[in-house]
Structure formats: C-alpha cells, structure tokens
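J.: Contents of upload_19.txt (compact mmCIF, C-alpha atoms) are below:
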```txt
# COMPACT_ATOMS: atom_id res chain seq x y z
CA MET P 1 0.00 0.00 0.00
CA ARG P 2 1.11 3.52 -0.76
CA THR P 3 2.07 5.60 2.31
CA THR P 4 1.00 9.24 2.57
CA MET P 5 3.90 11.74 2.44
CA ARG P 6 6.33 9.13 1.16
CA ALA P 7 8.49 10.41 -1.71
CA GLU P 8 10.71 8.77 -4.29
CA ILE P 9 13.25 10.16 -6.75
CA ILE P 10 14.12 8.59 -10.12
CA CYS P 11 17.09 10.11 -11.93
CA ILE P 12 17.28 9.12 -15.59
CA GLY P 13 20.37 9.08 -17.79
CA THR P 14 23.05 6.61 -18.77
CA GLU P 15 25.64 9.35 -18.17
CA LEU P 16 24.73 9.22 -14.46
CA LEU P 17 25.22 5.45 -14.28
CA LEU P 18 28.62 5.71 -15.98
CA GLY P 19 29.78 8.49 -13.68
CA HIS P 20 30.23 10.99 -16.49
CA VAL P 21 27.86 13.38 -14.68
CA VAL P 22 27.60 13.82 -10.90
CA ASN P 23 24.04 13.35 -9.67
CA THR P 24 23.56 16.67 -7.83
CA ASN P 25 19.82 16.63 -8.54
CA ALA P 26 19.18 13.85 -6.03
CA ALA P 27 20.99 15.74 -3.26
CA PHE P 28 19.08 18.93 -4.01
CA LEU P 29 15.69 17.20 -4.11
CA GLY P 30 16.45 15.22 -0.96
CA ARG P 31 17.05 18.42 0.99
CA GLU P 32 13.95 20.12 -0.42
CA LEU P 33 11.66 17.18 0.27
CA ALA P 34 12.91 16.84 3.85
CA LEU P 35 12.07 20.49 4.48
CA LEU P 36 8.56 19.92 3.18
CA GLY P 37 8.08 16.98 5.54
CA TYR P 38 8.22 14.12 3.02
CA ASP P 39 9.82 10.83 3.95
CA LEU P 40 12.27 10.00 1.16
CA HIS P 41 12.64 6.21 1.19
CA HIS P 42 14.06 5.49 -2.27
CA THR P 43 16.29 7.14 -4.86
CA SER P 44 16.98 5.30 -8.13
CA VAL P 45 19.24 5.93 -11.12
CA VAL P 46 18.07 4.41 -14.41
CA GLY P 47 19.75 4.46 -17.81
CA ASP P 48 18.08 5.65 -21.00
CA ASN P 49 16.03 2.48 -21.39
CA ALA P 50 12.22 2.55 -21.56
CA ALA P 51 11.66 -0.97 -20.24
CA ARG P 52 13.84 -0.51 -17.16
CA LEU P 53 12.36 2.94 -16.50
CA ALA P 54 8.83 1.51 -16.75
CA GLU P 55 9.72 -1.19 -14.21
CA VAL P 56 11.05 1.36 -11.72
CA LEU P 57 8.06 3.66 -12.23
CA GLN P 58 5.54 0.87 -11.68
CA THR P 59 7.20 -0.04 -8.39
CA ALA P 60 7.44 3.58 -7.26
CA LEU P 61 3.76 4.25 -7.89
CA THR P 62 2.72 1.38 -5.61
CA ARG P 63 4.67 2.64 -2.59
CA SER P 64 5.05 6.44 -2.81
CA SER P 65 2.62 9.36 -2.83
CA LEU P 66 5.13 11.56 -4.67
CA VAL P 67 7.44 10.42 -7.47
CA ILE P 68 9.91 12.89 -8.98
CA THR P 69 11.87 12.15 -12.14
CA THR P 70 14.80 14.10 -13.57
CA GLY P 71 16.13 13.74 -17.09
CA GLY P 72 14.87 12.34 -20.37
CA LEU P 73 12.68 15.27 -21.42
CA GLY P 74 14.73 16.67 -24.30
CA PRO P 75 14.41 16.29 -28.08
CA THR P 76 16.75 13.34 -28.66
CA LEU P 77 15.88 9.68 -29.24
CA ASP P 78 16.97 8.66 -25.73
CA ASP P 79 14.62 11.19 -24.10
CA LEU P 80 11.91 8.67 -23.22
CA THR P 81 10.53 9.79 -19.86
CA LYS P 82 7.19 11.36 -20.80
CA LYS P 83 6.26 8.57 -23.23
CA THR P 84 7.20 5.90 -20.70
CA VAL P 85 5.17 7.61 -17.95
CA ALA P 86 2.19 7.80 -20.32
CA ASP P 87 2.51 4.09 -21.11
CA VAL P 88 2.76 3.15 -17.42
CA LEU P 89 -0.33 5.24 -16.63
CA GLY P 90 -2.19 3.85 -19.65
CA ARG P 91 -2.77 7.28 -21.16
CA PRO P 92 -2.19 8.77 -24.61
CA MET P 93 0.22 11.59 -25.34
CA VAL P 94 -1.44 14.95 -26.11
CA HIS P 95 -0.07 18.09 -27.75
CA ASP P 96 0.26 21.43 -25.95
CA ALA P 97 0.15 24.34 -28.39
CA ALA P 98 1.48 26.86 -25.86
CA THR P 99 4.66 24.80 -25.42
CA THR P 100 5.20 24.62 -29.17
CA GLN P 101 4.97 28.41 -29.32
CA SER P 102 7.42 28.74 -26.44
CA ILE P 103 9.92 26.54 -28.29
CA ARG P 104 9.54 28.66 -31.44
CA ASP P 105 10.00 31.84 -29.39
CA PHE P 106 13.12 30.35 -27.76
CA PHE P 107 14.80 29.72 -31.12
CA GLY P 108 13.51 32.90 -32.78
CA SER P 109 15.01 33.22 -36.26
CA ARG P 110 17.45 30.36 -35.68
CA PRO P 111 16.68 27.13 -37.56
CA TYR P 112 15.83 24.04 -35.52
CA GLY P 113 14.83 20.46 -36.22
CA ALA P 114 11.31 19.07 -36.00
CA ASN P 115 12.48 16.90 -33.10
CA GLN P 116 12.49 20.00 -30.88
CA GLU P 117 8.69 20.14 -31.04
CA THR P 118 8.40 16.62 -29.63
CA GLN P 119 8.97 18.36 -26.30
CA ALA P 120 5.43 19.79 -26.59
CA TRP P 121 3.75 16.37 -26.09
CA PHE P 122 2.67 15.27 -22.60
CA PRO P 123 0.76 12.45 -20.91
CA GLU P 124 -2.96 13.16 -20.97
CA GLY P 125 -4.07 15.13 -17.91
CA ALA P 126 -0.63 16.61 -17.22
CA THR P 127 -0.03 20.19 -16.10
CA VAL P 128 2.92 21.78 -17.89
CA LEU P 129 5.78 23.08 -15.72
CA VAL P 130 7.35 25.93 -17.68
CA ASN P 131 11.12 25.91 -18.17
CA HIS P 132 12.50 29.46 -18.28
CA HIS P 133 16.10 28.24 -18.57
CA GLY P 134 15.88 25.79 -21.50
CA THR P 135 13.59 24.26 -24.09
CA ALA P 136 12.44 21.13 -22.25
CA PRO P 137 9.40 21.79 -20.04
CA GLY P 138 8.44 19.51 -17.19
CA CYS P 139 4.99 18.40 -16.10
CA ALA P 140 2.89 17.29 -13.17
CA VAL P 141 0.47 14.40 -13.55
CA THR P 142 -1.62 12.45 -11.05
CA ALA P 143 -1.89 8.67 -11.35
CA ASP P 144 -5.18 6.81 -10.96
CA ASN P 145 -4.23 5.79 -7.40
CA GLY P 146 -3.63 9.45 -6.39
CA ALA P 147 0.16 9.44 -6.55
CA LEU P 148 1.64 12.68 -7.91
CA LEU P 149 4.39 12.51 -10.53
CA LEU P 150 6.63 15.52 -11.18
CA LEU P 151 8.81 15.31 -14.30
CA PHE P 152 11.83 17.63 -14.60
CA PRO P 153 14.66 18.02 -17.13
CA GLY P 154 18.08 16.76 -16.08
CA PRO P 155 20.39 19.83 -16.15
CA PRO P 156 20.55 21.20 -12.58
CA GLY P 157 20.50 24.78 -13.89
CA GLU P 158 17.04 24.04 -15.30
CA MET P 159 15.66 21.57 -12.77
CA GLN P 160 16.41 23.47 -9.57
CA PRO P 161 14.77 26.81 -10.44
CA MET P 162 11.81 24.91 -11.97
CA PHE P 163 11.34 23.05 -8.70
CA GLN P 164 11.40 26.29 -6.70
CA ASP P 165 9.17 28.28 -9.06
CA MET P 166 6.76 25.69 -10.46
CA ALA P 167 6.66 22.62 -8.20
CA LEU P 168 7.05 24.06 -4.72
CA PRO P 169 3.62 25.78 -4.77
CA ILE P 170 2.01 22.46 -5.81
CA LEU P 171 3.75 20.56 -3.02
CA GLU P 172 2.97 23.21 -0.41
CA LYS P 173 -0.72 22.76 -1.18
CA GLN P 174 -0.35 19.01 -0.89
CA VAL P 175 1.32 19.16 2.53
CA GLY P 176 -0.84 22.06 3.74
CA ALA P 177 2.08 24.33 4.67
CA SER P 178 4.37 26.96 3.22
CA ILE P 179 8.16 26.84 3.31
CA VAL P 180 10.40 29.92 3.43
CA SER P 181 14.19 29.74 3.36
CA PHE P 182 16.91 32.32 3.90
CA MET P 183 20.47 31.69 2.75
CA VAL P 184 23.03 33.45 4.94
CA ARG P 185 26.17 33.57 2.82
CA THR P 186 29.70 33.85 4.21
CA PHE P 187 33.27 34.05 2.99
CA GLY P 188 36.37 33.19 4.97
CA GLN P 189 35.47 30.31 7.26
CA GLY P 190 35.08 26.55 7.07
CA GLU P 191 31.84 24.62 7.32
CA GLY P 192 32.86 23.12 10.66
CA ASP P 193 33.66 26.54 12.13
CA ALA P 194 30.31 27.89 10.92
CA ALA P 195 28.47 24.97 12.53
CA LEU P 196 30.25 25.58 15.85
CA LYS P 197 29.34 29.26 15.81
CA LEU P 198 25.72 28.52 14.99
CA GLY P 199 25.63 25.96 17.80
CA SER P 200 22.15 25.43 19.22
CA LEU P 201 20.47 26.98 16.16
CA CYS P 202 21.31 23.80 14.24
CA GLU P 203 19.38 21.73 16.81
CA ASN P 204 16.06 23.50 16.29
CA ALA P 205 13.42 21.84 14.11
CA ASN P 206 11.34 24.83 13.01
CA PRO P 207 13.02 27.06 12.04
CA SER P 208 15.80 24.69 11.09
CA THR P 209 19.37 25.81 10.41
CA ALA P 210 21.97 23.88 8.42
CA THR P 211 25.33 24.68 6.83
CA TYR P 212 26.28 23.96 3.22
CA LEU P 213 29.45 24.27 1.19
CA GLY P 214 28.55 26.59 -1.68
CA ALA P 215 30.14 27.85 -4.86
CA HIS P 216 33.75 29.08 -4.80
CA HIS P 217 34.36 27.18 -1.52
CA GLU P 218 32.12 29.52 0.46
CA VAL P 219 29.89 28.40 3.34
CA PHE P 220 26.18 29.12 3.52
CA ALA P 221 23.83 28.80 6.48
CA ARG P 222 20.28 28.02 5.44
CA VAL P 223 17.45 28.96 7.79
CA THR P 224 14.11 27.36 6.87
CA ALA P 225 10.71 27.73 8.50
CA LYS P 226 7.39 26.00 7.81
CA ALA P 227 4.00 27.53 8.65
CA ALA P 228 0.45 27.78 7.34
CA THR P 229 1.26 30.79 5.13
CA ARG P 230 4.40 32.24 3.58
CA ASN P 231 4.11 35.39 5.69
CA GLU P 232 3.87 33.34 8.88
CA ALA P 233 6.86 31.22 7.83
CA ARG P 234 8.86 34.35 7.05
CA GLU P 235 8.08 35.92 10.42
CA LEU P 236 9.01 32.66 12.12
CA ALA P 237 12.37 32.49 10.36
CA LEU P 238 13.55 36.12 10.61
CA PRO P 239 14.65 36.10 14.28
CA THR P 240 16.80 33.03 13.63
CA VAL P 241 18.29 34.67 10.53
CA GLU P 242 19.31 37.68 12.61
CA GLU P 243 20.75 35.45 15.34
CA ALA P 244 22.71 33.46 12.74
CA LYS P 245 24.18 36.67 11.33
CA LYS P 246 25.13 37.79 14.83
CA ARG P 247 26.85 34.51 15.67
CA LEU P 248 28.69 34.24 12.36
CA GLY P 249 29.93 37.83 12.50
CA ASP P 250 31.53 39.90 9.76
CA VAL P 251 32.21 36.90 7.52
CA VAL P 252 28.55 37.28 6.48
CA TYR P 253 28.36 39.17 3.20
CA GLY P 254 24.64 38.89 2.50
CA VAL P 255 21.33 37.07 2.86
CA ASN P 256 19.57 35.66 -0.20
CA VAL P 257 22.07 37.32 -2.52
CA ASP P 258 23.52 35.61 -5.57
CA SER P 259 27.24 36.07 -4.98
CA LEU P 260 30.01 38.06 -3.32
CA GLU P 261 30.71 39.90 -6.57
CA GLN P 262 27.03 40.90 -6.79
CA VAL P 263 27.30 42.51 -3.36
CA VAL P 264 30.54 44.32 -4.24
CA VAL P 265 29.18 45.68 -7.52
CA GLY P 266 26.03 46.85 -5.71
CA LEU P 267 28.04 48.64 -3.02
CA LEU P 268 30.20 50.38 -5.62
CA ARG P 269 27.14 51.48 -7.58
CA GLU P 270 25.54 52.92 -4.45
CA ARG P 271 28.66 54.97 -3.78
CA GLY P 272 29.29 55.97 -7.39
CA GLU P 273 32.81 54.50 -7.21
CA GLU P 274 34.97 52.34 -9.48
CA VAL P 275 37.53 49.56 -9.26
CA ALA P 276 40.35 48.34 -11.50
CA THR P 277 42.27 45.07 -11.21
CA ALA P 278 45.79 43.84 -11.84
CA GLU P 279 46.17 40.07 -11.71
CA SER P 280 49.04 37.68 -12.06
CA CYS P 281 48.38 34.13 -10.77
CA THR P 282 44.59 34.45 -11.10
CA GLY P 283 44.84 35.22 -14.82
CA GLY P 284 41.80 37.51 -15.06
CA MET P 285 39.39 35.48 -12.89
CA LEU P 286 38.70 38.48 -10.66
CA ALA P 287 37.83 40.71 -13.59
CA MET P 288 35.63 37.96 -15.03
CA ARG P 289 33.63 37.52 -11.83
CA ILE P 290 33.04 41.26 -11.52
CA THR P 291 32.04 41.71 -15.15
CA ASP P 292 29.70 38.70 -14.97
CA ILE P 293 27.38 40.94 -12.95
CA PRO P 294 24.85 43.00 -14.97
CA GLY P 295 25.55 46.69 -14.54
CA SER P 296 29.22 46.20 -13.69
CA SER P 297 30.22 48.52 -16.54
CA ALA P 298 29.26 51.41 -14.26
CA VAL P 299 31.87 50.43 -11.66
CA PHE P 300 34.63 48.47 -13.44
CA ARG P 301 37.33 50.52 -15.14
CA THR P 302 39.86 48.00 -16.44
CA GLY P 303 41.43 44.63 -15.76
CA LEU P 304 45.05 43.82 -16.52
CA VAL P 305 46.65 40.37 -16.50
CA THR P 306 50.33 41.02 -15.87
CA TYR P 307 51.76 37.52 -15.74
CA ALA P 308 55.31 38.41 -16.77
CA ASN P 309 57.56 40.66 -14.72
CA GLU P 310 58.15 42.84 -17.78
CA THR P 311 54.45 43.66 -18.03
CA LYS P 312 54.29 44.41 -14.32
CA THR P 313 56.98 47.01 -14.90
CA ARG P 314 55.70 48.38 -18.21
CA LEU P 315 51.95 48.51 -17.45
CA LEU P 316 51.88 48.99 -13.69
CA GLY P 317 55.14 50.76 -12.93
CA VAL P 318 56.55 48.01 -10.69
CA PRO P 319 60.28 48.89 -10.39
CA GLU P 320 62.72 46.32 -11.73
CA ASP P 321 64.88 46.65 -8.63
CA MET P 322 61.83 45.83 -6.46
CA LEU P 323 61.24 42.66 -8.45
CA ALA P 324 64.90 41.75 -8.17
CA ALA P 325 65.03 42.39 -4.43
CA HIS P 326 61.73 40.89 -3.30
CA GLY P 327 60.50 38.71 -6.18
CA ALA P 328 57.20 38.92 -8.03
CA VAL P 329 55.39 37.14 -5.17
CA SER P 330 55.82 39.66 -2.39
CA PRO P 331 53.79 42.22 -0.43
CA GLU P 332 55.79 45.01 -2.03
CA VAL P 333 54.89 43.96 -5.57
CA ALA P 334 51.23 43.36 -4.70
CA ARG P 335 51.03 46.86 -3.25
CA CYS P 336 52.70 48.37 -6.30
CA MET P 337 50.36 46.49 -8.65
CA ALA P 338 47.24 47.72 -6.85
CA GLU P 339 48.44 51.30 -6.69
CA GLY P 340 49.67 51.20 -10.28
CA VAL P 341 46.38 49.98 -11.77
CA ARG P 342 44.40 52.43 -9.62
CA ARG P 343 46.57 55.26 -10.88
CA SER P 344 46.57 54.27 -14.55
CA ALA P 345 42.81 53.61 -14.63
CA SER P 346 41.93 56.70 -12.57
CA SER P 347 39.65 54.48 -10.45
CA THR P 348 38.60 54.81 -6.83
CA TYR P 349 40.11 51.45 -5.93
CA GLY P 350 42.78 49.17 -7.30
CA ILE P 351 43.33 45.49 -6.55
CA GLY P 352 46.59 43.61 -7.11
CA ILE P 353 47.07 39.84 -6.86
CA THR P 354 50.35 37.95 -7.18
CA GLY P 355 51.11 34.44 -6.00
CA ILE P 356 52.07 30.83 -6.69
CA ALA P 357 49.04 28.82 -7.75
CA GLY P 358 51.10 25.68 -8.34
CA PRO P 359 51.50 22.83 -8.60
CA ASP P 360 55.09 23.87 -9.39
CA GLY P 361 57.11 26.97 -8.65
CA GLY P 362 57.16 26.91 -4.86
CA THR P 363 60.20 27.10 -2.58
CA GLU P 364 60.73 26.60 1.13
CA GLU P 365 60.55 30.36 1.61
CA LYS P 366 57.62 30.85 -0.75
CA PRO P 367 55.55 27.66 -0.88
CA VAL P 368 52.89 26.77 -3.41
CA GLY P 369 49.66 28.46 -2.43
CA LEU P 370 51.28 31.65 -1.14
CA VAL P 371 49.47 34.70 -2.49
CA TYR P 372 49.72 38.39 -1.73
CA LEU P 373 46.74 40.66 -2.33
CA ALA P 374 46.57 44.44 -2.11
CA LEU P 375 43.67 46.89 -2.08
CA ALA P 376 44.56 50.48 -2.93
CA THR P 377 42.04 53.03 -1.64
CA PRO P 378 41.90 56.82 -1.29
CA GLU P 379 42.87 56.34 2.37
CA GLY P 380 45.84 54.06 1.80
CA THR P 381 46.70 50.52 0.70
CA PHE P 382 45.84 47.30 2.53
CA VAL P 383 47.97 44.20 1.94
CA CYS P 384 46.93 40.65 2.89
CA ARG P 385 49.05 37.49 2.91
CA MET P 386 47.12 34.37 1.95
CA ALA P 387 49.11 31.55 3.49
CA PRO P 388 48.82 27.89 2.48
CA ALA P 389 47.87 25.43 5.22
CA GLY P 390 47.53 21.67 5.19
CA ILE P 391 47.40 19.67 1.99
CA TYR P 392 47.65 21.45 -1.37
CA ARG P 393 44.18 21.38 -2.91
CA GLY P 394 45.00 22.27 -6.46
CA ARG P 395 45.69 25.22 -8.71
CA ASN P 396 42.06 26.18 -9.22
CA TYR P 397 41.38 26.14 -5.48
CA VAL P 398 44.20 28.63 -4.85
CA ARG P 399 43.01 30.88 -7.64
CA GLU P 400 39.34 30.82 -6.58
CA ARG P 401 40.21 31.52 -2.95
CA SER P 402 42.45 34.40 -4.03
CA VAL P 403 39.66 35.97 -6.08
CA GLY P 404 37.15 35.49 -3.27
CA LEU P 405 39.54 37.09 -0.78
CA ALA P 406 40.13 40.07 -3.08
CA LEU P 407 36.39 40.65 -3.40
CA ASP P 408 35.89 40.24 0.34
CA MET P 409 38.66 42.72 1.14
CA LEU P 410 36.88 45.32 -0.97
CA ARG P 411 33.49 44.37 0.50
CA ARG P 412 34.83 44.77 4.03
CA TYR P 413 36.36 48.16 3.26
CA LEU P 414 33.13 49.41 1.70
CA GLU P 415 31.12 48.22 4.73
CA HIS P 416 33.62 49.78 7.20
CA LYS P 417 34.70 46.41 8.56
CA PRO P 418 38.27 45.26 9.30
CA VAL P 419 40.30 44.27 6.24
CA PRO P 420 42.43 41.20 7.07
CA GLU P 421 46.22 41.24 6.96
CA THR P 422 46.51 37.45 6.85
CA PHE P 423 44.27 34.69 5.56
CA THR P 424 44.77 30.93 5.70
CA CYS P 425 44.00 28.98 2.55
```
Could you render the structure from this file as structure tokens?

T.:
Amino acid sequence: MRTTMRAEIICIGTELLLGHVVNTNAAFLGRELALLGYDLHHTSVVGDNAARLAEVLQTALTRSSLVITTGGLGPTLDDLTKKTVADVLGRPMVHDAATTQSIRDFFGSRPYGANQETQAWFPEGATVLVNHHGTAPGCAVTADNGALLLLFPGPPGEMQPMFQDMALPILEKQVGASIVSFMVRTFGQGEGDAALKLGSLCENANPSTATYLGAHHEVFARVTAKAATRNEARELALPTVEEAKKRLGDVVYGVNVDSLEQVVVGLLRERGEEVATAESCTGGMLAMRITDIPGSSAVFRTGLVTYANETKTRLLGVPEDMLAAHGAVSPEVARCMAEGVRRSASSTYGIGITGIAGPDGGTEEKPVGLVYLALATPEGTFVCRMAPAGIYRGRNYVRERSVGLALDMLRRYLEHKPVPETFTC
C-alpha cells in the first residue's frame, strides 16, 4: 500500500550510471523534500532504457505518494521519460500548443529540427511546468491511485529553479504548509567553524538551520521555516536569521544574494565609485567575476593580466629593482600592482594579486599556495598574505580563494569592517 507523504526520486540518464555526470539533482531534491516533511525512502538511477524505467516507475507508484523524475525530457531519441510515464499510466500523449509556441519563441530566427517540437507532447491530464532556462518543459500528472508525478529536465541549472518556481507551490498545497528559506552567505570560514558558531540553532526543528558548502568554496547557512502561510513562515524564520548573522559575524556578506561579486558591484554602484584590477596568478578570474554581474560597466574601469615581470613594470610601474630584491610574489609587488592599476585607470580602488598557484614553482621560503593581495584606496593601501595550510588542494582552489579574498577585502572596506592582513587557505 502507498504511504502518505512518502516520496521517491528517479534520476534518468546513462551518463549518471557511468559516472560521467555527478548526480547533484538527487541531493538537491532530498534536501527540499525533507524540508517539506516528506519521507524519502528510495532514490533510483536508471539508464536511458524505456523498459527498465517503466519497471522502476511501476514499483514507485505502488509505494510512494510523490514520485519525482529528472532527465529524459529533451528532443533526442533517448529522451523517453514522458512517453514511458504515459505508457505506465495507460494514457495517450497529447499536444500542448502553448509549449510549441514557447519553443519557437526560444529559437527565434534560428533554424531548428522538427524533433524540438516533440517536447510539446505530454501524458494526458498533465499540467505543464514551464522551463525558463531551456527548451524542455516539465509536467505534473496524477496517477489513478492518487500518486503525484513531477517530471523535470536533467540539467541542474534548469531543474532546480523549476522546482522552486513551479513545483514548490504544488507541493505546499499538498502538505498544507508553506516553506520559506533564507540563505546566509559567508566568505572566509570553514563549514565546521560555521556549525560551531551557529551551535544550538542547528538543533532547532522549526526554524531549522543547516550549513552547506557553496560555490567558490564559500559556506552558507540556510534557515528554513514551515508555517500555514508564507508570511507566517517568514516571520518565524527572521529572528533566527538575525541570530545566525550575529553569531557568524563579519564573515557574512549577504542574505539571499547571488554572490560576493554581486554585493561588491552593488556597493560600488551605491557609492558611485569604481575599481580596477591587476592580476598575475589568477589570470583575469577576478575581472571575469566582476564583469559577470549586470551593470558592472558602471563600476569596473579595467582589468590587466600582468603575468610576466616585464608587463608588471611596463603597465603597472613596478620597479625592476623591487622585483629583483623581493621577487614577483611579495607584499611590495602586490602593493605596487594595486596602486599602479588604480593610478593608470583613474579608479577609486585598485586590486593587485600575485602568488604561486602551483603545482610547481614553490620554494621553502615561498611555498605553493602563497598569495599576496593588495587593495589600494583613497585612504591608503591594505595588503593581505594568503598563506597555504595543510594539503595542497589544487591550482584552481588557490586561484578561486584568491579571487574570493580580493572581493571580500573590498566588500569589508566598503562596509567599514576590518580588512584582514593574513588569511589561511
């Protein structure tokens, strides 16, 4: 017999079975379903095979009140999910004209094959879940025994926002409650340290608080509350959000914001100020993250990648005798880079980064992972030493942490908070 509030996830795709793609969808859905109060008893991974998918679906529908599938909704021959669901339910496939128009609007004047419009066919009785991030829509359909099926595309960048925007309201009605979450985002501490600071907050059930490792090796604290309405859930969560911010301290750079660079660009825009960058070991990653933000053209003056010592001297005015005396990876050179790019770009702020990303190039005096960062401001220049600690975690890790630290130094200065002199990587 099917148990009320029991959920099941079926992730579809041979690439998942072979390990070519990491199954992040299952982890995301598991967290979301737990917050809603569902008991997740089974998660399956099935290759692109209709017979095996049908077998798993038939079993899931006998034991779960909610079945969620990811993958197999695109225009290729191995995208079999909707047709297989229709066969298992004993229903025909029907055409949705609005979806066909959406696909045509997506491609515009670009040519596309007739197979794209196969995405506009759904099991009879399905409700279309619109995909604003791709061509493959999802759908919701109820089986004859009352079980709810939610079908999503496989790419996480499509599935996750679709779940939040399209499916969450359906599930909130089913469970008779609303869920509100706040993401408290931090830079400069580990997940374990964050959990210790949050302490007793992580023991509460409603609102609940949990830590996650986010993008660019940052740590997020998620505060979630459940109540009869969204307003009630929000009011329930807000005191815990404020307490979490208080306990975590000035490593918090925002709540429900997209990224550290978004916050920095916003602060610069508010002040009518500009920044320029001079990068060595990070190779332009800092400039890229800033210019990824819409509206950054109002605050970003220029970005220079001065990998060679000669370009540090020619473009930034770093003296040759300074390079000879201290080396390119030194606080003196970082300071000169930041001040040089600020001067040449006529910007309010300048940032300089120089270091050893590895895996080669380190010495006993200057090990791999050592990076110096400088922030030149109208009030003077701040220099920070990012020191390696523990096992070397790779070139990209060093570069991403360096860029994050540079952004956080500027964020701290703009918010009148202490700018660090040392940072452990």

J.: Find the spatial neighbours of Ala227 in chain P, counting all atoms listed in the file, within a cut-off of 7 Å - ignore same-chain residues fewer than 4 positions away - and output them as a list in words.

T.: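 Listing them by chain and then by number gives Ala177, Ser178, Ile179, Glu232 and Ala233 of chain P.
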
J.: Pick from P:Gly214, P:Pro137, P:Pro319, P:Pro75: nearest to Pro153 in chain P, with only C-alpha atoms counted?

T.: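 With only C-alpha atoms as the atom set, the closest residue is P:Pro137.
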
J.: CA of Ile12 in chain P to CA of Pro123 in chain P: how many Å, to one decimal?

T.: 17.7 Å

J.: Name all residues at most 6 Å from range 185-190 of chain P (count only C-alpha atoms; drop same-chain ones fewer than 6 positions away) and give them as a ChimeraX atom specification.

T.: /P:218-220,251-255

J.: Expressed in Å to a single decimal, how great is the separation between CA of Leu304 in chain P and CA of Gly284 in chain P?

T.: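 Going from CA of Leu304 in chain P over to CA of Gly284 in chain P, I get 7.2 Å.
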
J.: Looking at P:Ala50, P:Val128, P:Met183, P:Val223, which one is nearest to Cys202 in chain P, with distances taken over all atoms listed in the file?

T.: P:Val223

J.: Quick one: of P:Ala278, P:Ala287, P:Leu35, P:Cys336, who's nearest to Ser208 in chain P, counting all atoms listed in the file?

T.: P:Leu35

J.: Write out as a list in words each polymer residue whose atoms come within 12 Å of Glu379 in chain P, counting all atoms listed in the file; drop sequence neighbours fewer than 6 positions from it.

T.: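 Surrounding residues, per the criterion: Glu339, Thr348, Tyr349, Tyr413 and Leu414 of chain P.
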
J.: Pick the closest to Gln262 in chain P from P:Arg289, P:Leu248, P:Glu242, P:Gln160: which is it, counting all atoms listed in the file?

T.: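 Counting all atoms listed in the file, the residue closest to Gln262 in chain P is P:Arg289.
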
J.: With all atoms listed in the file as the counted atoms, please give the residues lying no more than 12 Å from Ser65 in chain P, apart from itself and same-chain residues fewer than 6 positions off, as a compact mmCIF listing (two decimals) with C-alpha atoms, in the coordinates of the input.

T.:
```txt
# COMPACT_ATOMS: atom_id res chain seq x y z
CA MET P 1 0.00 0.00 0.00
CA ARG P 2 1.11 3.52 -0.76
CA THR P 3 2.07 5.60 2.31
CA THR P 4 1.00 9.24 2.57
CA MET P 5 3.90 11.74 2.44
CA ARG P 6 6.33 9.13 1.16
CA ALA P 7 8.49 10.41 -1.71
CA GLU P 8 10.71 8.77 -4.29
CA ILE P 9 13.25 10.16 -6.75
CA TYR P 38 8.22 14.12 3.02
CA ASP P 39 9.82 10.83 3.95
CA LEU P 40 12.27 10.00 1.16
CA HIS P 41 12.64 6.21 1.19
CA THR P 59 7.20 -0.04 -8.39
CA THR P 142 -1.62 12.45 -11.05
CA ALA P 143 -1.89 8.67 -11.35
CA ASP P 144 -5.18 6.81 -10.96
CA ASN P 145 -4.23 5.79 -7.40
CA GLY P 146 -3.63 9.45 -6.39
CA ALA P 147 0.16 9.44 -6.55
CA LEU P 148 1.64 12.68 -7.91
CA LEU P 149 4.39 12.51 -10.53
CA LEU P 150 6.63 15.52 -11.18
CA LEU P 171 3.75 20.56 -3.02
CA GLN P 174 -0.35 19.01 -0.89
CA VAL P 175 1.32 19.16 2.53
```

J.: Which residues, written as a list in words, have at least one atom at most 10 Å from Leu201 in chain P, with only C-alpha atoms counted and residues fewer than 2 positions away on the same chain left out?

T.: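 Answer for this query is Ala195, Leu196, Lys197, Leu198, Gly199, Glu203, Asn204, Ala205, Asn206, Pro207, Ser208, Thr209, Ala210, Val223, Thr240, Val241, Glu243, Ala244 and Arg247 of chain P.
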
J.: Have a look at CA of Ala308 in chain P and CA of Thr282 in chain P and let me know their distance in Å, one decimal.

T.: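 Atom-to-atom, CA of Ala308 in chain P and CA of Thr282 in chain P are spaced 12.8 Å apart.
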
J.: Hey, which bits of range 141-177 of chain P sit within 12 Å of range 15-22 of chain P, and for each residue what's the closest pair of atoms and how far apart in Å (one decimal), counting all atoms listed in the file, rows by chain and increasing number, as a tab-separated table?

T.:
```
residue	atom	partner	partner_atom	distance
P:Gly154	CA	P:Leu16	CA	10.2
P:Pro155	CA	P:Val21	CA	10.0
P:Pro156	CA	P:Val22	CA	10.3
```

J.: Which residues, protein or nucleic acid, reach to within 10 Å of (43.4, 43.5, -9.9) in the file's coordinates when using all atoms listed in the file, and can you give that as a PyMOL selection string?

T.: chain P and resi 275-280+282-287+302-306+334+337-342+349-354+373-376+403+406-407

J.: Which is closest to Ala27 in chain P among P:Phe423, P:Tyr397, P:Phe382, P:Tyr212, if we use all atoms listed in the file?

T.: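 When distances to Ala27 in chain P are compared using all atoms listed in the file, the smallest one comes from P:Tyr212.
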
J.: Please determine an axis-aligned box that encloses all atoms of range 326-336 of chain P listed in the file, with 6 Å added on each side, and express its centre and edge lengths in Å to one decimal as AutoDock Vina command-line options.

T.:
```
--center_x 56.4 --center_y 42.8 --center_z -4.2 --size_x 22.7 --size_y 23.2 --size_z 19.6
```

J.: Nearest to Glu270 in chain P among P:Leu238, P:Val299, P:Ala225, P:Leu77, with distances taken over only C-alpha atoms: which residue is it?

T.: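 Among P:Leu238, P:Val299, P:Ala225, P:Leu77, it is P:Val299 that comes nearest to Glu270 in chain P.
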